[in-house]
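Below: one structure, written as structure tokens.
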Amino acid sequence: MPAPTVLNVGFYNYVLTDKIVALVSSESAPMRRLVQNLRKEGNLIDATQGRRTKSIIFTNGDAVILSAISQETLAKRLNTGEIGAEED
């Protein structure tokens, strides 16, 4: 059985690539409201280490993950298979 492929979402935090449904920018007001609601409900994983949220990662489970790395960079990492680079 091959090892699962993971995506580095910053600060040595990883997400299984086969669980990712969408990478979304956090700049829009509806996304900011969604994050606030998920935070109140406790359904949010914050992987930003206190930095500004640049992207939101939706998974096929209940998990929604915040990242301090832009969705463009994360998509590039997914497409190229680059999982180990840190961008702080």
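Note on naming: chains are A, B, ... as they come in the structure tokens, residues start from 1 per chain, ligands start from 1 in the order shown.
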Could you pull out the strand (DSSP E or B) residues of chain A from DSSP and send them as an NGL selection string?
:A and (6-10 or 13-16 or 20-25 or 44-46 or 55-59 or 64-67)
Keeping N, CA and C atoms for every residue in the selection just given, could you write it to a file as a CSV table (one decimal), in the first residue's frame?
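Result went into result24.csv, see below:
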chain,number,residue,atom,x,y,z
A,6,VAL,N,0.7,14.0,0.9
A,6,VAL,CA,0.2,15.1,1.8
A,6,VAL,C,0.7,16.4,1.1
A,7,LEU,N,-0.1,17.5,1.5
A,7,LEU,CA,0.2,18.8,1.0
A,7,LEU,C,0.7,19.6,2.2
A,8,ASN,N,1.8,20.3,2.1
A,8,ASN,CA,2.3,21.2,3.1
A,8,ASN,C,1.5,22.5,3.0
A,9,VAL,N,0.7,22.8,4.1
A,9,VAL,CA,-0.1,24.0,4.1
A,9,VAL,C,0.6,25.1,4.9
A,10,GLY,N,1.8,24.9,5.2
A,10,GLY,CA,2.6,25.9,6.0
A,10,GLY,C,2.9,25.5,7.4
A,13,ASN,N,2.6,21.9,8.7
A,13,ASN,CA,1.2,21.3,8.8
A,13,ASN,C,0.9,20.7,7.5
A,14,TYR,N,0.3,19.5,7.5
A,14,TYR,CA,0.0,18.8,6.2
A,14,TYR,C,-1.4,18.4,6.2
A,15,VAL,N,-1.9,18.3,4.9
A,15,VAL,CA,-3.3,17.8,4.7
A,15,VAL,C,-3.2,16.7,3.6
A,16,LEU,N,-3.9,15.6,3.8
A,16,LEU,CA,-4.0,14.5,2.8
A,16,LEU,C,-4.6,15.1,1.5
A,20,ILE,N,-8.8,16.8,-0.2
A,20,ILE,CA,-9.0,18.1,-0.5
A,20,ILE,C,-10.1,18.2,-1.6
A,21,VAL,N,-11.1,19.1,-1.4
A,21,VAL,CA,-12.2,19.3,-2.3
A,21,VAL,C,-12.0,20.7,-3.0
A,22,ALA,N,-11.6,21.7,-2.3
A,22,ALA,CA,-11.4,23.1,-2.8
A,22,ALA,C,-10.4,23.9,-2.1
A,23,LEU,N,-9.7,24.7,-2.8
A,23,LEU,CA,-8.8,25.7,-2.3
A,23,LEU,C,-9.4,27.1,-2.6
A,24,VAL,N,-9.7,27.9,-1.6
A,24,VAL,CA,-10.4,29.1,-1.9
A,24,VAL,C,-9.7,30.3,-1.2
A,25,SER,N,-9.7,31.5,-1.8
A,25,SER,CA,-9.2,32.7,-1.2
A,25,SER,C,-10.0,33.1,-0.1
A,44,LEU,N,-13.3,24.3,12.7
A,44,LEU,CA,-12.3,24.9,11.9
A,44,LEU,C,-10.9,24.5,12.4
A,45,ILE,N,-10.0,24.2,11.5
A,45,ILE,CA,-8.6,23.9,11.9
A,45,ILE,C,-7.8,25.1,11.4
A,46,ASP,N,-7.1,25.8,12.3
A,46,ASP,CA,-6.3,27.0,12.0
A,46,ASP,C,-4.9,26.6,11.9
A,55,SER,N,-5.7,31.5,2.5
A,55,SER,CA,-6.6,30.6,1.8
A,55,SER,C,-7.3,29.7,2.8
A,56,ILE,N,-8.4,29.1,2.3
A,56,ILE,CA,-9.3,28.2,3.0
A,56,ILE,C,-9.3,26.9,2.2
A,57,ILE,N,-9.1,25.8,3.0
A,57,ILE,CA,-9.0,24.5,2.3
A,57,ILE,C,-10.3,23.7,2.8
A,58,PHE,N,-11.1,23.3,1.9
A,58,PHE,CA,-12.3,22.5,2.2
A,58,PHE,C,-11.9,21.1,1.9
A,59,THR,N,-12.3,20.2,2.8
A,59,THR,CA,-12.1,18.8,2.7
A,59,THR,C,-13.4,18.0,2.5
A,64,VAL,N,-12.5,22.1,7.8
A,64,VAL,CA,-12.2,23.3,7.0
A,64,VAL,C,-10.9,23.8,7.6
A,65,ILE,N,-9.9,24.0,6.8
A,65,ILE,CA,-8.5,24.4,7.2
A,65,ILE,C,-8.1,25.7,6.7
A,66,LEU,N,-7.6,26.6,7.6
A,66,LEU,CA,-7.1,27.9,7.3
A,66,LEU,C,-5.6,27.8,7.0
A,67,SER,N,-5.1,28.4,6.0
A,67,SER,CA,-3.6,28.4,5.7
A,67,SER,C,-3.2,29.9,5.5
Which residue of A:Thr5, A:Ile69, A:Thr53, A:Lys40 approaches Thr17 (chain A) most closely, using only C-alpha atoms
A:Thr5
What does the distance between CA of Ser70 (chain A) and CA of Lys54 (chain A) come to in Å, to one decimal place?
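Separating CA of Ser70 (chain A) from CA of Lys54 (chain A) is a distance of 5.0 Å.
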Top pick for closest residue to Gly50 (chain A), considering A:Ala63, A:Ser26, A:Gln36, A:Ala68 and counting only C-alpha atoms
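Residue with the minimum atom-to-atom distance to Gly50 (chain A): A:Ala68.
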What separation in Å, quoted to one decimal, exists between CA of Arg32 (chain A) and CA of Leu78 (chain A)?
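Computed distance, CA of Arg32 (chain A) to CA of Leu78 (chain A), equals 24.1 Å.
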Expected answer as a list of chain:residue names: helix (DSSP H, G or I) residues in chain A
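Filtering chain A down to helix (DSSP H, G or I) leaves A:Thr17, A:Asp18, A:Lys19, A:Ala29, A:Pro30, A:Met31, A:Arg32, A:Arg33, A:Leu34, A:Val35, A:Gln36, A:Asn37, A:Leu38, A:Arg39, A:Lys40, A:Glu41, A:Gln71, A:Glu72, A:Thr73, A:Leu74, A:Ala75, A:Lys76, A:Arg77, A:Leu78, A:Asn79, A:Thr80.
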Given only C-alpha atoms as the basis, pick out the residue of A:Phe11, A:Leu74, A:Gly61, A:Pro2 nearest to Asn43 (chain A).
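Using only C-alpha atoms, the shortest distance to Asn43 (chain A) belongs to A:Gly61.
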One decimal, in Å: what's the spacing between CA of Thr73 (chain A) and CA of Glu41 (chain A)?
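Computing the Euclidean distance for CA of Thr73 (chain A) and CA of Glu41 (chain A) yields 28.4 Å.
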